[in-house]
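Trainee: Have a peek at work-v2.txt (compact mmCIF, C-alpha atoms).
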```
# COMPACT_ATOMS: atom_id res chain seq x y z
CA MET A 1 9.45 -27.88 -32.56
CA ARG A 2 11.99 -26.17 -30.33
CA ARG A 3 13.94 -23.24 -31.69
CA ILE A 4 17.69 -23.51 -32.03
CA ASN A 5 19.30 -21.55 -29.21
CA LEU A 6 22.10 -20.11 -31.30
CA PRO A 7 23.59 -17.78 -28.63
CA LEU A 8 23.83 -20.68 -26.16
CA ILE A 9 25.48 -22.91 -28.76
CA LEU A 10 27.98 -20.26 -29.84
CA ASP A 11 28.86 -19.27 -26.28
CA THR A 12 29.36 -22.90 -25.31
CA LEU A 13 31.52 -23.62 -28.34
CA PHE A 14 33.53 -20.46 -27.77
CA THR A 15 34.23 -21.43 -24.13
CA ALA A 16 35.16 -24.96 -25.14
CA LEU A 17 37.42 -23.62 -27.88
CA CYS A 18 39.19 -21.23 -25.51
CA ALA A 19 39.80 -24.06 -23.04
CA PHE A 20 41.02 -26.36 -25.82
CA LEU A 21 43.48 -23.79 -27.19
CA LEU A 22 44.78 -22.88 -23.74
CA PHE A 23 45.37 -26.45 -22.59
CA PHE A 24 46.69 -27.69 -25.92
CA THR A 25 49.20 -24.84 -26.23
CA SER A 26 50.34 -24.99 -22.60
CA ILE A 27 50.69 -28.77 -22.28
CA ARG A 28 52.36 -29.11 -25.66
CA PHE A 29 54.86 -26.41 -24.70
CA TYR A 30 55.75 -27.91 -21.33
CA THR A 31 55.65 -31.61 -22.23
CA GLY A 32 56.49 -31.56 -25.91
CA SER A 33 53.92 -34.30 -26.48
CA VAL A 34 51.26 -33.49 -29.04
CA TYR A 35 49.12 -36.50 -28.15
CA ALA A 36 49.08 -35.74 -24.42
CA ALA A 37 48.31 -32.10 -25.14
CA LEU A 38 45.51 -33.10 -27.48
CA ALA A 39 43.97 -35.50 -24.96
CA PHE A 40 44.03 -32.99 -22.12
CA ALA A 41 42.82 -30.20 -24.41
CA ILE A 42 39.82 -32.21 -25.60
CA ALA A 43 38.94 -33.15 -22.03
CA ALA A 44 39.27 -29.53 -20.91
CA GLY A 45 37.16 -28.32 -23.83
CA LEU A 46 34.40 -30.78 -23.03
CA LEU A 47 34.51 -29.99 -19.31
CA PHE A 48 34.48 -26.22 -19.54
CA GLY A 49 32.05 -26.31 -22.46
CA SER A 50 29.63 -28.41 -20.41
CA LEU A 51 29.97 -26.15 -17.36
CA SER A 52 29.36 -23.03 -19.44
CA PHE A 53 26.37 -24.69 -21.12
CA ILE A 54 24.78 -25.50 -17.75
CA TYR A 55 25.45 -22.02 -16.33
CA ILE A 56 24.27 -20.09 -19.39
CA SER A 57 21.17 -22.25 -19.95
CA ARG A 58 20.06 -21.79 -16.33
CA LYS A 59 20.59 -18.07 -16.61
CA GLN A 60 18.64 -17.94 -19.87
CA ASN A 61 15.77 -20.01 -18.45
CA LYS A 62 15.46 -17.63 -15.50
CA LYS A 63 15.33 -14.63 -17.84
CA LEU A 64 12.87 -16.48 -20.07
CA LEU A 65 10.44 -17.05 -17.21
CA ILE A 66 10.59 -13.37 -16.29
CA SER A 67 10.09 -12.27 -19.89
CA ARG A 68 7.15 -14.65 -20.31
CA ASP A 69 5.43 -13.18 -17.27
CA GLU A 70 6.06 -9.66 -18.57
CA LYS A 71 4.63 -10.60 -21.95
CA GLN A 72 1.54 -12.11 -20.29
CA LYS A 73 1.07 -8.96 -18.23
CA LYS A 74 1.19 -6.80 -21.36
CA LEU A 75 -1.34 -9.03 -23.11
CA LEU A 76 -3.58 -8.98 -20.03
CA SER A 77 -3.35 -5.18 -19.82
CA LEU A 78 -4.45 -4.85 -23.42
CA HIS A 79 -7.11 -7.52 -22.97
CA LEU A 80 -8.69 -5.77 -19.99
CA SER A 81 -8.42 -2.35 -21.65
CA LEU A 82 -10.39 -3.61 -24.67
CA SER A 83 -12.92 -5.68 -22.70
CA SER A 84 -16.43 -4.53 -21.83
CA ASP A 85 -17.42 -3.38 -18.34
CA GLY A 86 -19.74 -6.37 -18.01
CA TYR A 87 -16.97 -8.83 -18.79
CA ILE A 88 -14.61 -7.22 -16.28
CA CYS A 89 -17.25 -7.19 -13.54
CA ASN A 90 -18.13 -10.84 -14.10
CA LEU A 91 -14.45 -11.82 -14.16
CA PHE A 92 -13.59 -10.12 -10.89
CA GLU A 93 -16.82 -11.14 -9.24
CA LYS A 94 -15.60 -14.73 -9.64
CA CYS A 95 -12.05 -13.81 -8.72
CA LEU A 96 -12.87 -11.88 -5.53
CA SER A 97 -15.51 -14.26 -4.22
CA GLY A 98 -14.60 -16.30 -1.19
CA GLU A 99 -16.34 -18.83 1.03
CA ASP A 100 -16.89 -16.29 3.80
CA SER A 101 -16.99 -13.20 1.61
CA PRO A 102 -19.14 -13.57 -1.52
CA ALA A 103 -18.65 -10.89 -4.14
CA GLU A 104 -21.49 -9.10 -5.90
CA ALA A 105 -21.24 -7.03 -9.07
CA ASP A 106 -23.43 -3.96 -9.42
CA ASN A 107 -23.26 -0.89 -11.65
CA GLY A 108 -19.70 -1.46 -12.84
CA LYS A 109 -18.33 -2.19 -9.37
CA VAL A 110 -17.80 -5.30 -7.25
CA TYR A 111 -18.78 -5.38 -3.59
CA VAL A 112 -17.09 -7.74 -1.13
CA ASN A 113 -18.63 -7.26 2.32
CA ASP A 114 -17.93 -3.57 3.06
CA ASP A 115 -15.20 -3.21 0.45
CA VAL A 116 -15.83 -1.72 -2.99
CA TYR A 117 -13.68 -2.51 -6.04
CA TYR A 118 -13.51 -0.08 -8.95
CA PHE A 119 -12.01 -0.84 -12.36
CA ALA A 120 -10.05 1.59 -14.50
CA PHE A 121 -8.23 -0.49 -17.08
CA LYS A 122 -6.91 1.89 -19.73
CA MET A 123 -4.11 1.98 -22.27
CA GLN A 124 -2.56 4.97 -20.48
CA PRO A 125 -1.92 5.37 -16.74
CA ILE A 126 -5.04 6.52 -14.91
CA THR A 127 -5.07 10.20 -13.94
CA GLU A 128 -6.35 12.36 -11.10
CA ASP A 129 -9.70 12.63 -12.90
CA ASP A 130 -10.17 8.87 -12.64
CA ILE A 131 -9.43 8.98 -8.91
CA ALA A 132 -11.76 11.97 -8.51
CA LYS A 133 -14.63 9.88 -9.93
CA VAL A 134 -13.99 7.26 -7.27
CA ILE A 135 -13.86 9.89 -4.53
CA LYS A 136 -17.23 11.30 -5.62
CA ASN A 137 -18.89 7.94 -5.07
CA LYS A 138 -20.16 8.12 -1.50
CA GLN A 139 -19.56 4.54 -0.50
CA ASP A 140 -18.86 3.25 2.97
CA GLY A 141 -15.98 0.89 3.46
CA LYS A 142 -12.59 0.58 1.83
CA LYS A 143 -12.22 1.61 -1.81
CA THR A 144 -9.83 -0.26 -4.11
CA VAL A 145 -9.07 0.60 -7.72
CA LEU A 146 -7.76 -2.09 -10.06
CA CYS A 147 -5.90 -0.67 -13.06
CA ASN A 148 -2.99 -1.24 -15.43
CA LYS A 149 -0.90 1.74 -14.34
CA ILE A 150 -1.36 4.95 -12.39
CA SER A 151 0.33 8.33 -12.75
CA PRO A 152 2.35 9.68 -9.78
CA GLU A 153 -0.09 12.56 -9.27
CA ALA A 154 -3.07 10.22 -9.21
CA ALA A 155 -1.26 7.92 -6.79
CA MET A 156 -0.70 10.83 -4.39
CA LEU A 157 -4.37 11.83 -4.59
CA ALA A 158 -5.47 8.24 -3.97
CA ASP A 159 -3.17 8.00 -0.97
CA THR A 160 -4.62 11.24 0.46
CA PHE A 161 -8.16 9.81 0.37
CA LEU A 162 -7.09 6.35 1.56
CA ILE A 163 -7.92 4.69 -1.75
CA ASP A 164 -5.97 1.48 -2.39
CA ILE A 165 -4.46 1.10 -5.88
CA LYS A 166 -3.69 -2.29 -7.41
CA ASN A 167 -1.80 -2.30 -10.72
CA ILE A 168 -1.43 -4.98 -13.37
CA ASP A 169 1.25 -6.86 -11.40
CA TYR A 170 -1.21 -7.50 -8.59
CA VAL A 171 -4.07 -8.21 -11.00
CA TYR A 172 -2.01 -10.73 -12.96
CA GLU A 173 -0.89 -12.62 -9.85
CA LEU A 174 -4.46 -12.58 -8.47
CA LEU A 175 -5.99 -14.00 -11.64
CA LYS A 176 -3.17 -16.50 -12.01
CA LYS A 177 -3.62 -17.69 -8.43
CA ARG A 178 -7.37 -18.16 -8.94
CA GLU A 179 -6.76 -19.80 -12.34
CA LEU A 180 -8.89 -17.18 -14.08
CA LEU A 181 -6.41 -15.84 -16.61
CA PRO A 182 -8.08 -15.60 -20.04
CA GLU A 183 -7.60 -18.66 -22.21
CA LYS A 184 -7.61 -16.43 -25.26
CA TYR A 185 -6.84 -12.73 -25.25
CA VAL A 186 -8.77 -10.15 -27.22
CA TYR A 187 -5.61 -9.31 -29.15
CA GLU A 188 -2.72 -11.73 -29.06
CA GLY A 189 -0.44 -9.46 -31.06
CA ALA A 190 1.62 -12.50 -31.95
CA ARG A 191 2.06 -12.57 -35.68
CA LYS A 192 4.28 -15.49 -36.54
CA THR A 193 7.88 -14.52 -37.14
CA GLY A 194 9.63 -15.93 -40.18
CA PHE A 195 12.74 -18.06 -39.97
CA PHE A 196 14.98 -15.33 -41.36
CA LYS A 197 13.75 -12.79 -38.79
CA ARG A 198 14.26 -15.27 -35.95
CA VAL A 199 17.83 -15.87 -37.09
CA LYS A 200 18.44 -12.15 -37.58
CA ALA A 201 17.29 -11.43 -34.03
CA HIS A 202 20.26 -13.39 -32.70
CA PHE A 203 22.79 -11.54 -34.85
CA SER A 204 23.94 -8.01 -34.19
CA ARG A 205 26.82 -5.86 -35.39
CA ARG A 206 28.37 -6.18 -31.93
CA ILE A 207 29.35 -9.80 -32.55
CA CYS A 208 30.84 -9.03 -35.96
CA ALA A 209 34.28 -7.86 -34.74
CA PRO A 210 34.80 -10.63 -32.12
CA LEU A 211 33.84 -13.30 -34.63
CA PHE A 212 36.10 -11.79 -37.27
CA TRP A 213 39.20 -11.58 -35.07
CA SER A 214 38.56 -15.04 -33.62
CA GLY A 215 38.20 -16.53 -37.08
CA LEU A 216 41.29 -14.73 -38.30
CA ALA A 217 43.29 -16.00 -35.34
CA LEU A 218 42.20 -19.58 -35.99
CA LEU A 219 43.18 -19.34 -39.64
CA PHE A 220 46.54 -17.93 -38.58
CA LEU A 221 47.06 -20.84 -36.16
CA SER A 222 46.41 -23.33 -38.96
CA TYR A 223 49.87 -22.50 -40.35
CA PHE A 224 51.59 -23.72 -37.17
CA THR A 225 49.51 -26.65 -35.95
CA PHE A 226 49.57 -30.32 -36.84
CA PHE A 227 45.78 -30.24 -37.33
CA PRO A 228 45.22 -27.35 -39.75
CA VAL A 229 41.83 -28.58 -41.05
CA TYR A 230 40.11 -28.02 -37.71
CA TYR A 231 41.41 -24.45 -37.47
CA ILE A 232 40.63 -23.68 -41.08
CA VAL A 233 37.05 -24.96 -40.78
CA SER A 234 36.41 -23.27 -37.41
CA GLY A 235 38.02 -20.02 -38.49
CA GLY A 236 36.14 -20.07 -41.78
CA ILE A 237 32.82 -20.59 -40.02
CA MET A 238 33.51 -17.66 -37.70
CA LEU A 239 34.44 -15.43 -40.62
CA ILE A 240 31.28 -16.40 -42.45
CA LEU A 241 29.16 -15.71 -39.34
CA SER A 242 30.83 -12.32 -38.87
CA ALA A 243 30.03 -11.43 -42.49
CA ILE A 244 26.42 -12.58 -42.05
CA ALA A 245 26.07 -10.52 -38.86
CA LEU A 246 27.32 -7.47 -40.75
CA VAL A 247 25.24 -7.99 -43.88
CA ILE A 248 21.85 -8.72 -42.34
CA ASN A 249 22.11 -5.77 -39.94
```
Could you spell out this file's structure in C-alpha cells?
Mentor:
Amino acid sequence: MRRINLPLILDTLFTALCAFLLFFTSIRFYTGSVYAALAFAIAAGLLFGSLSFIYISRKQNKKLLISRDEKQKKLLSLHLSLSSDGYICNLFEKCLSGEDSPAEADNGKVYVNDDVYYFAFKMQPITEDDIAKVIKNKQDGKKTVLCNKISPEAAMLADTFLIDIKNIDYVYELLKKRELLPEKYVYEGARKTGFFKRVKAHFSRRICAPLFWSGLALLFLSYFTFFPVYYIVSGGIMLILSAIALVIN
C-alpha cells in the first residue's frame, strides 16, 4: 500500500488554487463575465496544477532515490561493522574474484594476484593506528583498505605509504554491481512507524502561518464571490490544517 504523498498533494492544490484565483479575478474584471472567468480559471488551475505535480513529483523521486541509497549505505556500514571477520573475508573473496584474477582469503585478508585487501569496518572512522597495523604487514604488492570512513590524519598517513583507501561509497557500489549486497542486514533498524507519526512527519510549525493566512484569505473572499461554499470549505480546511500543524508539533 503506497503512502499518501501529502506535501505533493498540498503543493499541487496550492498551485492550482493560485492559478484559479489569478485567472478568475483577472478575466472577470476585464470581461465582466463570471462564466468565462470561471471556465478559464478552472482550465488554468488544472493546467498549472498538473505541471506543478509533474515537476514536484520528479524532483521528489530524484531525492528519494538518493535517500534510499544513503539509507542502504548506512545499513551496510552497520552490517559490516557487526559482521565476523570470516563473513567479511568470504563476502569479498567472492566480490573481488575475476576470471583472470581469482581472489583468495587468508588470515583476515584477501589476495588478488599481487594486491592485498585489508578490512577495517568500524562504527567510527578508522585512525592512524589502524593504518599503522597495515603498514607493519610486510606484504609485496599494492595494499588496499576497505572501510566505512577514515579520519583525515589516517588518510594522510595512508597516502604517505601509498595505501589505497576505499570507503563505504565504493564498497556499496562494488557489492551492488556484483549483486552481492546482503539480502538481510544484521540490524535493519526499521521499526515500523505508526500512522500518526507518519502524518506528523509531514507537518511542521513552518507551514502553520502560510496555511492560516491562506485559509483566512479564502474565507474573506467568500463574502464577495458568487461561489462562497468553495471558498468557505477550502479556507476552513486550510485553517484546520494550520491548527493541526501547530498542535501536533
Trainee: Against region 164-188 of chain A, which residues of region 99-149 of chain A fall within 10 Å? For each one I want the closest pair of atoms and the distance in Å (one decimal), counting all atoms listed in the file, rows by chain and increasing residue number, as a Markdown table.
Mentor:
```
| residue | atom | partner | partner_atom | distance |
| --- | --- | --- | --- | --- |
| A:Tyr117 | CA | A:Asp164 | CA | 9.4 |
| A:Tyr118 | CA | A:Ile165 | CA | 9.6 |
| A:Phe119 | CA | A:Lys166 | CA | 9.8 |
| A:Ala120 | CA | A:Asn167 | CA | 9.9 |
| A:Phe121 | CA | A:Ile168 | CA | 9.0 |
| A:Pro125 | CA | A:Asn167 | CA | 9.8 |
| A:Ile131 | CA | A:Ile165 | CA | 9.8 |
| A:Lys142 | CA | A:Asp164 | CA | 7.9 |
| A:Lys143 | CA | A:Asp164 | CA | 6.3 |
| A:Thr144 | CA | A:Asp164 | CA | 4.6 |
| A:Val145 | CA | A:Ile165 | CA | 5.0 |
| A:Leu146 | CA | A:Lys166 | CA | 4.9 |
| A:Cys147 | CA | A:Asn167 | CA | 5.0 |
| A:Asn148 | CA | A:Ile168 | CA | 4.5 |
| A:Lys149 | CA | A:Asn167 | CA | 5.5 |
```
Trainee: Go ahead and write the residues just picked, C-alpha atoms, as a PDB file, in the frame of the given file.
Mentor:
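Wrote it out as part-v7.pdb, contents follow:
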```
ATOM      1  CA  TYR A 117     -13.680  -2.510  -6.040  1.00  0.00           C
ATOM      2  CA  TYR A 118     -13.510  -0.080  -8.950  1.00  0.00           C
ATOM      3  CA  PHE A 119     -12.010  -0.840 -12.360  1.00  0.00           C
ATOM      4  CA  ALA A 120     -10.050   1.590 -14.500  1.00  0.00           C
ATOM      5  CA  PHE A 121      -8.230  -0.490 -17.080  1.00  0.00           C
ATOM      6  CA  PRO A 125      -1.920   5.370 -16.740  1.00  0.00           C
ATOM      7  CA  ILE A 131      -9.430   8.980  -8.910  1.00  0.00           C
ATOM      8  CA  LYS A 142     -12.590   0.580   1.830  1.00  0.00           C
ATOM      9  CA  LYS A 143     -12.220   1.610  -1.810  1.00  0.00           C
ATOM     10  CA  THR A 144      -9.830  -0.260  -4.110  1.00  0.00           C
ATOM     11  CA  VAL A 145      -9.070   0.600  -7.720  1.00  0.00           C
ATOM     12  CA  LEU A 146      -7.760  -2.090 -10.060  1.00  0.00           C
ATOM     13  CA  CYS A 147      -5.900  -0.670 -13.060  1.00  0.00           C
ATOM     14  CA  ASN A 148      -2.990  -1.240 -15.430  1.00  0.00           C
ATOM     15  CA  LYS A 149      -0.900   1.740 -14.340  1.00  0.00           C
TER      16      LYS A 149
END
```
Trainee: Return as JSON the box centre and box size in Å, one decimal, for an axis-aligned box around all listed atoms of region 154-158 of chain A padded by 8 Å per side.
Mentor:
```
{"center_x": -3.1, "center_y": 9.9, "center_z": -6.6, "size_x": 20.8, "size_y": 19.9, "size_z": 21.2}
```
Trainee: For the atom pair CA of Ser81 (chain A) and CA of Lys122 (chain A), what is the interatomic distance in Å to one decimal place?
Mentor: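 It comes out at 4.9 Å.
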Trainee: Quick check, in Å to one decimal: how far apart do CA of Ser52 (chain A) and CA of Ile9 (chain A) lie?
Mentor: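 Distance between the two atoms: 10.1 Å.
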Trainee: State, in Å with one decimal place, the distance from CA of Asp114 (chain A) to CA of Gly141 (chain A).
Mentor: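 Atom-to-atom, CA of Asp114 (chain A) and CA of Gly141 (chain A) are spaced 4.9 Å apart.
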Trainee: Go through A:Met123, A:Ser57, A:Tyr35, A:Phe20 and flag the residue nearest Leu76 (chain A), using only C-alpha atoms for the distances.
Mentor: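 For Leu76 (chain A), the nearest of the given residues is A:Met123.
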Trainee: Using all atoms listed in the file, can you tell me which of A:Ile135, A:Ile237, A:Leu6, A:Ile126 comes closest to Ala154 (chain A)?
Mentor: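 Looking only at the distances to Ala154 (chain A), the closest residue turns out to be A:Ile126.
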Trainee: I'd like the contact shell of region 223-227 of chain A - 12 Å cut-off, all atoms listed in the file, skipping same-chain residues fewer than 6 positions apart - returned as a PDB file with C-alpha atoms, keeping the file's coordinate frame.
Mentor:
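Once everything was written out, this is part11.pdb:
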```
ATOM      1  CA  LEU A  21      43.480 -23.790 -27.190  1.00  0.00           C
ATOM      2  CA  PHE A  24      46.690 -27.690 -25.920  1.00  0.00           C
ATOM      3  CA  THR A  25      49.200 -24.840 -26.230  1.00  0.00           C
ATOM      4  CA  ARG A  28      52.360 -29.110 -25.660  1.00  0.00           C
ATOM      5  CA  SER A  33      53.920 -34.300 -26.480  1.00  0.00           C
ATOM      6  CA  VAL A  34      51.260 -33.490 -29.040  1.00  0.00           C
ATOM      7  CA  TYR A  35      49.120 -36.500 -28.150  1.00  0.00           C
ATOM      8  CA  ALA A  37      48.310 -32.100 -25.140  1.00  0.00           C
ATOM      9  CA  LEU A  38      45.510 -33.100 -27.480  1.00  0.00           C
ATOM     10  CA  LEU A 216      41.290 -14.730 -38.300  1.00  0.00           C
ATOM     11  CA  ALA A 217      43.290 -16.000 -35.340  1.00  0.00           C
ATOM     12  CA  VAL A 233      37.050 -24.960 -40.780  1.00  0.00           C
ATOM     13  CA  SER A 234      36.410 -23.270 -37.410  1.00  0.00           C
TER      14      SER A 234
END
```
